[in-house]
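Q: Just protein37.csv, nothing more (CSV, C-alpha atoms and all ligand atoms):
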```
chain,number,residue,atom,x,y,z
A,1455,MET,CA,139.3,108.1,107.9
A,1456,ASP,CA,135.6,108.6,107.2
A,1457,THR,CA,133.2,105.9,108.4
A,1458,PRO,CA,132.1,103.8,105.4
A,1459,TYR,CA,128.6,104.5,104.3
A,1460,VAL,CA,126.1,101.7,105.0
A,1461,GLY,CA,122.6,102.0,103.6
A,1462,ARG,CA,119.8,99.6,103.9
A,1463,PHE,CA,116.7,98.1,102.3
A,1464,ALA,CA,114.2,97.4,105.0
A,1465,PRO,CA,111.1,96.0,103.4
A,1466,SER,CA,108.2,94.4,105.4
A,1467,PRO,CA,107.3,91.1,103.7
A,1468,SER,CA,103.6,91.6,104.3
A,1469,GLY,CA,102.8,91.7,100.6
A,1470,TYR,CA,104.3,92.2,97.2
A,1471,MET,CA,106.2,95.5,96.7
A,1472,HIS,CA,104.5,98.4,95.0
A,1473,MET,CA,105.8,101.4,93.2
A,1474,GLY,CA,106.3,103.4,96.4
A,1475,ASN,CA,108.5,100.6,97.9
A,1476,LEU,CA,110.4,100.3,94.7
A,1477,LEU,CA,111.2,104.0,94.5
A,1478,ALA,CA,112.5,103.9,98.1
A,1479,MET,CA,114.7,101.0,97.3
A,1480,LEU,CA,116.0,102.5,94.1
A,1481,LEU,CA,116.9,105.8,95.9
A,1482,ALA,CA,118.4,103.9,98.8
A,1483,TRP,CA,120.6,102.0,96.3
A,1484,LEU,CA,121.6,105.1,94.4
A,1485,ASP,CA,122.3,107.0,97.5
A,1486,SER,CA,124.6,104.3,98.9
A,1487,ARG,CA,126.3,103.4,95.7
A,1488,ALA,CA,126.9,107.0,94.7
A,1489,ARG,CA,128.9,107.4,97.9
A,1490,GLY,CA,130.8,104.1,97.3
A,1491,GLY,CA,128.8,102.6,100.2
A,1492,ARG,CA,127.5,99.2,101.1
A,1493,ILE,CA,123.9,98.0,101.4
A,1494,VAL,CA,122.2,95.5,103.7
A,1495,LEU,CA,118.9,93.9,103.0
A,1496,ARG,CA,116.9,93.4,106.2
A,1497,MET,CA,113.6,91.7,106.3
A,1498,GLU,CA,111.2,93.4,108.7
A,1499,ASP,CA,109.2,90.3,109.5
A,1500,LEU,CA,108.5,91.1,113.1
A,1501,ASP,CA,104.8,90.4,112.9
A,1502,PRO,CA,104.4,86.6,112.4
A,1503,VAL,CA,100.7,87.1,111.4
A,1504,ARG,CA,101.1,89.8,108.8
A,1505,THR,CA,104.4,88.7,107.2
A,1506,SER,CA,105.5,85.5,105.3
A,1507,ALA,CA,108.6,83.8,104.0
A,1508,GLU,CA,107.0,83.7,100.6
A,1509,TYR,CA,106.7,87.5,100.4
A,1510,ALA,CA,110.3,87.8,101.7
A,1511,ARG,CA,111.5,85.6,98.8
A,1512,ALA,CA,109.4,87.5,96.3
A,1513,ILE,CA,110.8,90.9,97.5
A,1514,ALA,CA,114.4,89.7,97.2
A,1515,ASP,CA,113.6,88.3,93.8
A,1516,ASP,CA,112.0,91.6,92.6
A,1517,LEU,CA,115.1,93.5,93.8
A,1518,ARG,CA,117.4,91.3,91.9
A,1519,TRP,CA,115.1,91.5,88.8
A,1520,LEU,CA,115.3,95.3,89.0
A,1521,GLY,CA,119.1,95.2,89.2
A,1522,LEU,CA,119.4,96.4,92.8
A,1523,ASP,CA,122.0,94.3,94.6
A,1524,TRP,CA,123.1,94.2,98.2
A,1525,ASP,CA,126.2,93.2,100.0
A,1526,GLU,CA,124.9,91.6,103.1
A,1527,GLY,CA,121.6,90.4,104.5
A,1528,TYR,CA,118.7,88.2,103.3
A,1529,PRO,CA,118.7,85.2,103.1
A,1530,ASP,CA,121.1,85.2,106.0
A,1531,PRO,CA,118.7,84.6,108.9
A,1532,ASP,CA,120.6,87.1,111.0
A,1533,PHE,CA,119.1,89.8,108.9
A,1534,SER,CA,115.5,88.9,109.5
A,1535,GLN,CA,113.8,90.6,112.4
A,1536,SER,CA,112.0,87.5,113.4
A,1537,ARG,CA,115.4,85.9,114.2
A,1538,ARG,CA,116.7,88.9,116.2
A,1539,THR,CA,114.5,88.8,119.2
A,1540,ALA,CA,117.4,88.3,121.6
A,1541,LEU,CA,118.9,91.6,120.5
A,1542,TYR,CA,115.6,93.4,121.1
A,1543,GLU,CA,115.2,91.7,124.4
A,1544,ASP,CA,118.7,93.0,125.4
A,1545,ALA,CA,117.8,96.6,124.4
A,1546,PHE,CA,114.5,96.2,126.3
A,1547,ARG,CA,116.4,95.1,129.4
A,1548,THR,CA,118.8,98.0,129.1
A,1549,LEU,CA,115.9,100.5,128.9
A,1550,GLU,CA,114.2,98.8,131.8
A,1551,ALA,CA,117.4,99.0,133.9
A,1552,MET,CA,117.4,102.8,133.2
A,1553,GLY,CA,113.9,102.9,134.7
A,1554,LEU,CA,112.4,103.9,131.4
A,1555,VAL,CA,109.9,101.0,130.8
A,1556,TYR,CA,106.5,100.5,132.2
A,1557,PRO,CA,103.5,98.2,131.5
A,1558,CYS,CA,100.5,99.6,129.8
A,1559,TRP,CA,97.0,98.1,129.8
A,1560,CYS,CA,95.2,100.8,127.8
A,1561,SER,CA,92.9,99.6,125.1
A,1562,ARG,CA,93.5,100.4,121.5
A,1563,ALA,CA,90.7,103.0,121.6
A,1564,GLN,CA,92.2,104.7,124.7
A,1565,ARG,CA,95.6,104.8,123.0
A,1566,LEU,CA,94.3,106.3,119.8
A,1567,ALA,CA,92.4,109.0,121.8
A,1568,ALA,CA,95.5,109.8,123.8
A,1569,ALA,CA,97.7,110.0,120.8
A,1570,SER,CA,95.6,112.7,119.1
A,1571,ALA,CA,96.4,116.2,120.2
A,1572,PRO,CA,93.3,118.2,121.4
A,1573,HIS,CA,93.4,120.3,118.3
A,1574,PRO,CA,95.7,120.0,115.3
A,1575,GLY,CA,99.1,121.4,116.0
A,1576,GLU,CA,98.6,121.5,119.8
A,1577,ALA,CA,100.6,119.6,122.3
A,1578,LEU,CA,99.4,116.5,124.0
A,1579,HIS,CA,97.8,117.0,127.4
A,1580,ASP,CA,99.9,114.3,129.0
A,1581,PRO,CA,102.8,112.4,127.5
A,1582,ARG,CA,102.0,109.4,129.5
A,1583,CYS,CA,98.9,107.3,130.2
A,1584,ARG,CA,97.3,106.5,133.5
A,1585,CYS,CA,99.2,103.2,133.5
A,1586,ALA,CA,102.4,105.1,134.3
A,1587,ARG,CA,100.9,106.1,137.6
A,1588,LEU,CA,99.6,102.7,138.7
A,1589,THR,CA,100.9,101.5,142.1
A,1590,ASP,CA,102.9,98.2,142.3
A,1591,GLN,CA,99.8,96.7,144.0
A,1592,GLU,CA,97.5,97.7,141.2
A,1593,LYS,CA,99.9,96.3,138.6
A,1594,ALA,CA,100.3,93.1,140.5
A,1595,ALA,CA,96.5,92.7,140.6
A,1596,LEU,CA,96.2,93.2,136.8
A,1597,LEU,CA,98.9,90.7,136.2
A,1598,ALA,CA,97.4,88.2,138.6
A,1599,ALA,CA,94.1,88.6,136.7
A,1600,GLY,CA,95.9,87.4,133.6
A,1601,ARG,CA,95.8,90.7,131.8
A,1602,LYS,CA,98.9,90.9,129.6
A,1603,PRO,CA,100.3,94.4,129.2
A,1604,ALA,CA,102.1,96.1,126.3
A,1605,TRP,CA,105.3,97.8,127.4
A,1606,LYS,CA,106.0,101.5,126.9
A,1607,VAL,CA,109.1,103.6,127.0
A,1608,ARG,CA,109.0,106.8,129.1
A,1609,VAL,CA,110.3,109.7,126.9
A,1610,PRO,CA,111.9,112.8,128.4
A,1611,ASP,CA,110.7,116.3,127.9
A,1612,GLU,CA,113.4,116.7,125.3
A,1613,THR,CA,113.5,118.4,121.9
A,1614,VAL,CA,115.2,116.3,119.3
A,1615,THR,CA,116.2,117.7,116.0
A,1616,VAL,CA,117.0,115.5,113.0
A,1617,THR,CA,118.7,117.0,110.0
A,1618,ASP,CA,117.0,115.2,107.1
A,1619,GLY,CA,119.1,115.1,104.0
A,1620,HIS,CA,116.1,116.0,101.8
A,1621,TYR,CA,113.6,117.9,104.0
A,1622,GLY,CA,116.0,119.7,106.2
A,1623,THR,CA,115.6,120.3,109.9
A,1624,TYR,CA,112.9,118.3,111.6
A,1625,THR,CA,112.2,118.9,115.3
A,1626,GLN,CA,110.0,117.2,117.8
A,1627,ASN,CA,109.6,117.5,121.5
A,1628,LEU,CA,109.4,113.8,122.4
A,1629,ALA,CA,107.0,114.3,125.4
A,1630,ARG,CA,104.7,116.9,123.8
A,1631,ASP,CA,104.5,115.7,120.2
A,1632,GLY,CA,104.2,112.0,120.6
A,1633,GLY,CA,104.5,111.0,124.3
A,1634,ASP,CA,105.6,107.6,125.6
A,1635,PHE,CA,105.4,104.9,123.0
A,1636,ILE,CA,105.1,101.1,122.8
A,1637,ILE,CA,108.2,99.1,122.4
A,1638,ARG,CA,106.7,95.7,123.0
A,1639,ARG,CA,103.2,94.6,122.3
A,1640,ALA,CA,100.9,92.6,124.6
A,1641,ASP,CA,101.4,89.5,122.5
A,1642,GLY,CA,105.2,89.7,123.1
A,1643,VAL,CA,106.1,91.0,119.6
A,1644,PHE,CA,108.6,93.9,119.8
A,1645,ALA,CA,107.4,97.1,118.2
A,1646,TYR,CA,108.7,98.6,115.0
A,1647,GLN,CA,110.3,101.6,116.7
A,1648,LEU,CA,112.5,99.5,119.0
A,1649,ALA,CA,113.4,96.9,116.4
A,1650,VAL,CA,114.3,99.3,113.7
A,1651,SER,CA,116.5,101.4,116.1
A,1652,VAL,CA,118.3,98.4,117.4
A,1653,ASP,CA,118.8,97.0,113.9
A,1654,ASP,CA,120.1,100.3,112.4
A,1655,MET,CA,122.5,100.6,115.3
A,1656,ARG,CA,123.7,97.0,115.4
A,1657,MET,CA,124.0,96.7,111.6
A,1658,GLY,CA,126.2,99.8,111.5
A,1659,VAL,CA,123.7,101.6,109.2
A,1660,THR,CA,124.9,105.1,108.6
A,1661,GLY,CA,122.2,106.2,106.1
A,1662,VAL,CA,118.5,105.6,106.1
A,1663,VAL,CA,116.5,106.4,102.9
A,1664,ARG,CA,112.8,105.8,103.1
A,1665,GLY,CA,109.4,107.3,102.5
A,1666,ARG,CA,108.5,110.5,104.3
A,1667,ASP,CA,105.6,108.8,106.1
A,1668,LEU,CA,108.4,107.7,108.5
A,1669,LEU,CA,109.9,111.2,109.0
A,1670,SER,CA,107.9,111.7,112.1
A,1671,SER,CA,109.4,108.5,113.6
A,1672,ALA,CA,113.0,109.7,113.0
A,1673,PRO,CA,113.3,111.8,116.3
A,1674,ARG,CA,112.1,108.8,118.4
A,1675,GLN,CA,114.5,106.4,116.7
A,1676,ALA,CA,117.4,108.8,117.0
A,1677,TRP,CA,116.6,109.3,120.7
A,1678,LEU,CA,116.3,105.5,121.2
A,1679,ILE,CA,119.6,104.9,119.5
A,1680,ARG,CA,121.4,107.5,121.5
A,1681,THR,CA,119.8,106.2,124.7
A,1682,LEU,CA,121.1,102.7,123.9
A,1683,GLY,CA,124.6,104.1,123.4
A,1684,GLY,CA,124.7,104.3,119.6
A,1685,THR,CA,125.0,107.0,117.0
A,1686,PRO,CA,121.9,107.7,114.9
A,1687,PRO,CA,122.3,107.4,111.1
A,1688,GLU,CA,121.7,110.2,108.6
A,1689,TYR,CA,118.1,110.3,107.6
A,1690,CYS,CA,116.9,111.1,104.1
A,1691,HIS,CA,113.2,110.8,103.4
A,1692,LEU,CA,111.6,110.8,100.0
A,1693,PRO,CA,108.2,112.0,98.8
A,1694,LEU,CA,105.3,109.5,98.6
A,1695,LEU,CA,103.7,108.4,95.4
A,1696,THR,CA,100.0,109.1,95.3
A,1697,ALA,CA,97.6,106.7,93.7
A,1698,VAL,CA,96.3,107.4,90.2
A,1699,ASP,CA,92.7,107.5,91.5
A,1700,GLY,CA,92.9,110.4,93.8
A,1701,GLY,CA,95.4,111.8,96.4
A,1702,GLU,CA,95.6,108.7,98.6
A,1703,LYS,CA,99.0,107.4,99.7
A,1704,LEU,CA,99.9,104.3,97.7
A,1705,SER,CA,99.8,101.2,99.8
A,1706,LYS,CA,99.8,97.5,99.5
A,1707,ARG,CA,96.3,97.4,100.8
A,1708,LEU,CA,95.1,99.3,97.8
A,1709,GLY,CA,96.6,96.5,95.8
A,1710,SER,CA,97.9,99.1,93.4
A,1711,LEU,CA,100.5,98.3,90.9
A,1712,SER,CA,102.3,95.5,92.7
A,1713,THR,CA,105.5,94.2,91.3
A,1714,GLN,CA,103.7,91.0,90.3
A,1715,GLY,CA,101.6,92.9,87.8
A,1716,LEU,CA,104.4,95.2,86.8
A,1717,ARG,CA,106.7,92.3,86.0
A,1718,ARG,CA,104.1,90.7,83.7
A,1719,THR,CA,103.8,93.8,81.6
A,1720,GLY,CA,107.3,95.3,81.3
A,1721,THR,CA,111.1,95.0,81.5
A,1722,PRO,CA,113.1,96.0,84.6
A,1723,GLN,CA,114.8,98.8,82.6
A,1724,ALA,CA,111.4,100.2,81.7
A,1725,LEU,CA,110.3,100.2,85.3
A,1726,VAL,CA,113.5,101.7,86.6
A,1727,GLY,CA,113.1,104.4,83.9
A,1728,GLN,CA,109.6,105.2,85.1
A,1729,LEU,CA,110.7,105.4,88.7
A,1730,ALA,CA,113.6,107.7,87.8
A,1731,PHE,CA,111.3,109.9,85.8
A,1732,LEU,CA,108.8,110.1,88.7
A,1733,ALA,CA,111.8,111.0,91.0
A,1734,GLY,CA,112.8,113.8,88.7
A,1735,LEU,CA,116.1,112.1,87.7
A,1736,LEU,CA,115.1,111.7,84.0
A,1737,PRO,CA,113.2,114.1,81.7
A,1738,ARG,CA,111.3,111.2,80.2
A,1739,PRO,CA,110.5,107.6,81.3
A,1740,GLU,CA,113.1,105.9,79.2
A,1741,PRO,CA,114.5,102.4,79.9
A,1742,VAL,CA,117.6,102.5,82.0
A,1743,SER,CA,119.5,100.4,84.4
A,1744,PRO,CA,120.2,101.5,88.0
A,1745,PRO,CA,124.0,102.0,87.5
A,1746,GLU,CA,123.2,104.2,84.5
A,1747,LEU,CA,121.4,106.6,86.9
A,1748,LEU,CA,124.4,107.1,89.1
A,1749,PRO,CA,125.7,110.1,87.1
A,1750,VAL,CA,122.3,111.9,87.3
A,1751,PHE,CA,121.5,111.0,90.8
A,1752,ASP,CA,121.0,114.2,92.9
A,1753,TRP,CA,118.7,114.8,95.8
A,1754,ASP,CA,118.2,118.4,94.6
A,1755,ARG,CA,116.3,117.0,91.5
A,1756,ILE,CA,113.9,115.0,93.6
A,1757,PRO,CA,110.7,116.8,94.4
A,1758,LYS,CA,109.6,117.4,98.0
A,1759,ASP,CA,105.9,117.3,97.4
A,1760,ASP,CA,104.2,113.9,96.9
A,1761,ILE,CA,104.3,112.6,93.4
A,1762,PRO,CA,101.2,111.7,91.5
A,1763,LEU,CA,101.5,108.4,89.8
A,1764,ASP,CA,99.4,109.4,86.8
A,1765,LYS,CA,102.6,111.1,85.5
A,1766,VAL,CA,103.3,107.6,84.1
A,1767,PHE,CA,100.2,105.6,84.5
A,1768,GLN,CA,97.0,106.9,83.0
A,1801,LIG,N1,109.7,98.1,107.0
A,1801,LIG,C1,109.2,99.5,106.8
A,1801,LIG,C2,108.3,99.4,105.5
A,1801,LIG,O1,108.4,98.5,104.7
A,1801,LIG,C3,110.3,100.5,106.6
A,1801,LIG,C4,111.0,100.8,107.8
A,1801,LIG,C5,112.1,101.8,107.7
A,1801,LIG,O2,112.6,102.1,106.6
A,1801,LIG,O3,112.5,102.3,108.8
A,1801,LIG,O4,107.5,100.3,105.3
```
Written as structure tokens, how would this file's structure read?
A:
Amino acid sequence: MDTPYVGRFAPSPSGYMHMGNLLAMLLAWLDSRARGGRIVLRMEDLDPVRTSAEYARAIADDLRWLGLDWDEGYPDPDFSQSRRTALYEDAFRTLEAMGLVYPCWCSRAQRLAAASAPHPGEALHDPRCRCARLTDQEKAALLAAGRKPAWKVRVPDETVTVTDGHYGTYTQNLARDGGDFIIRRADGVFAYQLAVSVDDMRMGVTGVVRGRDLLSSAPRQAWLIRTLGGTPPEYCHLPLLTAVDGGEKLSKRLGSLSTQGLRRTGTPQALVGQLAFLAGLLPRPEPVSPPELLPVFDWDRIPKDDIPLDKVFQ
């Protein structure tokens, strides 16, 4: 028997949702429901400073308002990343026992410099920073001086290929294209890459639908999941919406078109119709409910290039 399809909504409650989040949620819902699958709603509230319970409530409320339902998850605390630390700790220990984890004391500036290839398209000089070569004595001295390290995972010189359901084959050499990456920050908070991999694996997620700004994370996540003994999900990335006022990626920080504003001025059906039109599923932005889109849902209709929002907002 085929494994049942499990999709997910994985919002970060660091602000109100915007059109980009909503489009990702709508397509994740359609993708899962079109296959007769289930959906979990996971709150990615890892960062206690940037996220809040109030935004989590608002996001769940917006999803319900839009008509996007889920089978499991929020408000069950087991589906909030802030409550799943023991699972991340466990994965961290597993990687550590494999000899793959080391402390890193690099500053933010050093990390940024190391992460940028010498010239666009060229490989990194060195997949790991100088911290990977510190002696036990040097490490002990830094720890004794009260310097808290971040923790990195050592990636192999391995080429990982992810077959994206929308963009096709996407390949990265983990060492050359990204290098070692942080799995736990110096303040103790587990990093996104580790948490999302552990969660997708432990929640039995079989399909990930999200914005293509995360496509470049997929090989790292697939590798982490395999290293931890799991099977990576299928990935399907969608184009980003670009702001009305010039090619910038829509983000919460721009404060653009948040659900709070959109809910004041329109109905859920009107908004779903606009999203479906932007995604190429409808010829016109007509009011529609999510289930009414199931018969026309088809990844082949969805553009691959980023979508300018001024198709609906002048
Ligand atoms: N929490 C992330 C966001 O809201 C999405 C992470 C993911 O889908 O892997 O952008």
Q: Determine the nearest neighbour of A:Arg1638 from the options A:Asp1530, A:Asp1525, A:Asp1515, A:Glu1550, counting only C-alpha atoms.
A: A:Glu1550
Q: Please indicate the distance in Å from atom CA of A:Thr1548 to atom CA of A:Ser1534, rounded to one decimal place.
A: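 So the answer is 21.9 Å.
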Q: Which residues are near ligand LIG 1801 (chain A) - at most 8 Å, using all atoms listed in the file? Format: as a list of chain:residue names.
A: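 I would give the residues around ligand LIG 1801 (chain A) as A:Phe1463, A:Ala1464, A:Pro1465, A:Ser1466, A:Pro1467, A:Asn1475, A:Met1497, A:Glu1498, A:Tyr1646, A:Val1650, A:Val1662, A:Val1663, A:Arg1664, A:Gly1665, A:Leu1668.
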Q: Based on the selection just made, write C-alpha atoms of those residues as a CSV table (one decimal), in the coordinates of the input.
A:
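The file below, part_10.csv, is the result:
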```csv
chain,number,residue,atom,x,y,z
A,1463,PHE,CA,116.7,98.1,102.3
A,1464,ALA,CA,114.2,97.4,105.0
A,1465,PRO,CA,111.1,96.0,103.4
A,1466,SER,CA,108.2,94.4,105.4
A,1467,PRO,CA,107.3,91.1,103.7
A,1475,ASN,CA,108.5,100.6,97.9
A,1497,MET,CA,113.6,91.7,106.3
A,1498,GLU,CA,111.2,93.4,108.7
A,1646,TYR,CA,108.7,98.6,115.0
A,1650,VAL,CA,114.3,99.3,113.7
A,1662,VAL,CA,118.5,105.6,106.1
A,1663,VAL,CA,116.5,106.4,102.9
A,1664,ARG,CA,112.8,105.8,103.1
A,1665,GLY,CA,109.4,107.3,102.5
A,1668,LEU,CA,108.4,107.7,108.5
```
Q: Could you check the closest approach to A:Leu1549 for each of A:Tyr1621, A:Tyr1459, A:Trp1605, A:Phe1731 and tell me which residue wins, using only C-alpha atoms?
A: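 When distances to A:Leu1549 are compared using only C-alpha atoms, the smallest one comes from A:Trp1605.
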Q: For A:Leu1678, which residue out of A:Gln1564, A:Gln1647, A:Thr1457, A:Gln1714 is the nearest one, using all atoms listed in the file?
A: A:Gln1647
Q: Rank A:Leu1484, A:Ile1756, A:Ala1640, A:Leu1554 by their smallest atom-to-atom distance to A:Ser1743, using all atoms listed in the file, and report the top residue only.
A: A:Leu1484
Q: Report, in Å to a single decimal, how far apart atom CA of A:Leu1735 and atom CA of A:Leu1481 are.
A: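 So the two atoms, atom CA of A:Leu1481 and atom CA of A:Leu1735, lie 10.4 Å apart.
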Q: Give me, please, the distance in Å between atom CA of A:Val1652 and atom CA of A:Ile1493, quoted to one decimal.
A: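 For atom CA of A:Val1652 relative to atom CA of A:Ile1493, the distance reads 17.0 Å.
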Q: Could you check the closest approach to A:Gly1461 for each of A:Met1473, A:Val1614, A:Leu1566, A:Met1657 and tell me which residue wins, using all atoms listed in the file?
A: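 Nearest candidate to A:Gly1461 out of A:Met1473, A:Val1614, A:Leu1566, A:Met1657: A:Met1657.
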Q: Rank A:Thr1625, A:Arg1718, A:Val1643, A:Ala1563 by their smallest atom-to-atom distance to A:Asp1516, using only C-alpha atoms, and report the top residue only.
A: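 Smallest distance to A:Asp1516 is found for A:Arg1718.
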Q: Can you pull out every residue within 12 Å of A:Arg1547, counting all atoms listed in the file, but drop anything in the same chain fewer than 5 positions away, and send it as a PyMOL selection string?
A: chain A and resi 1540-1542+1552-1556+1605+1607+1637-1638+1648+1682
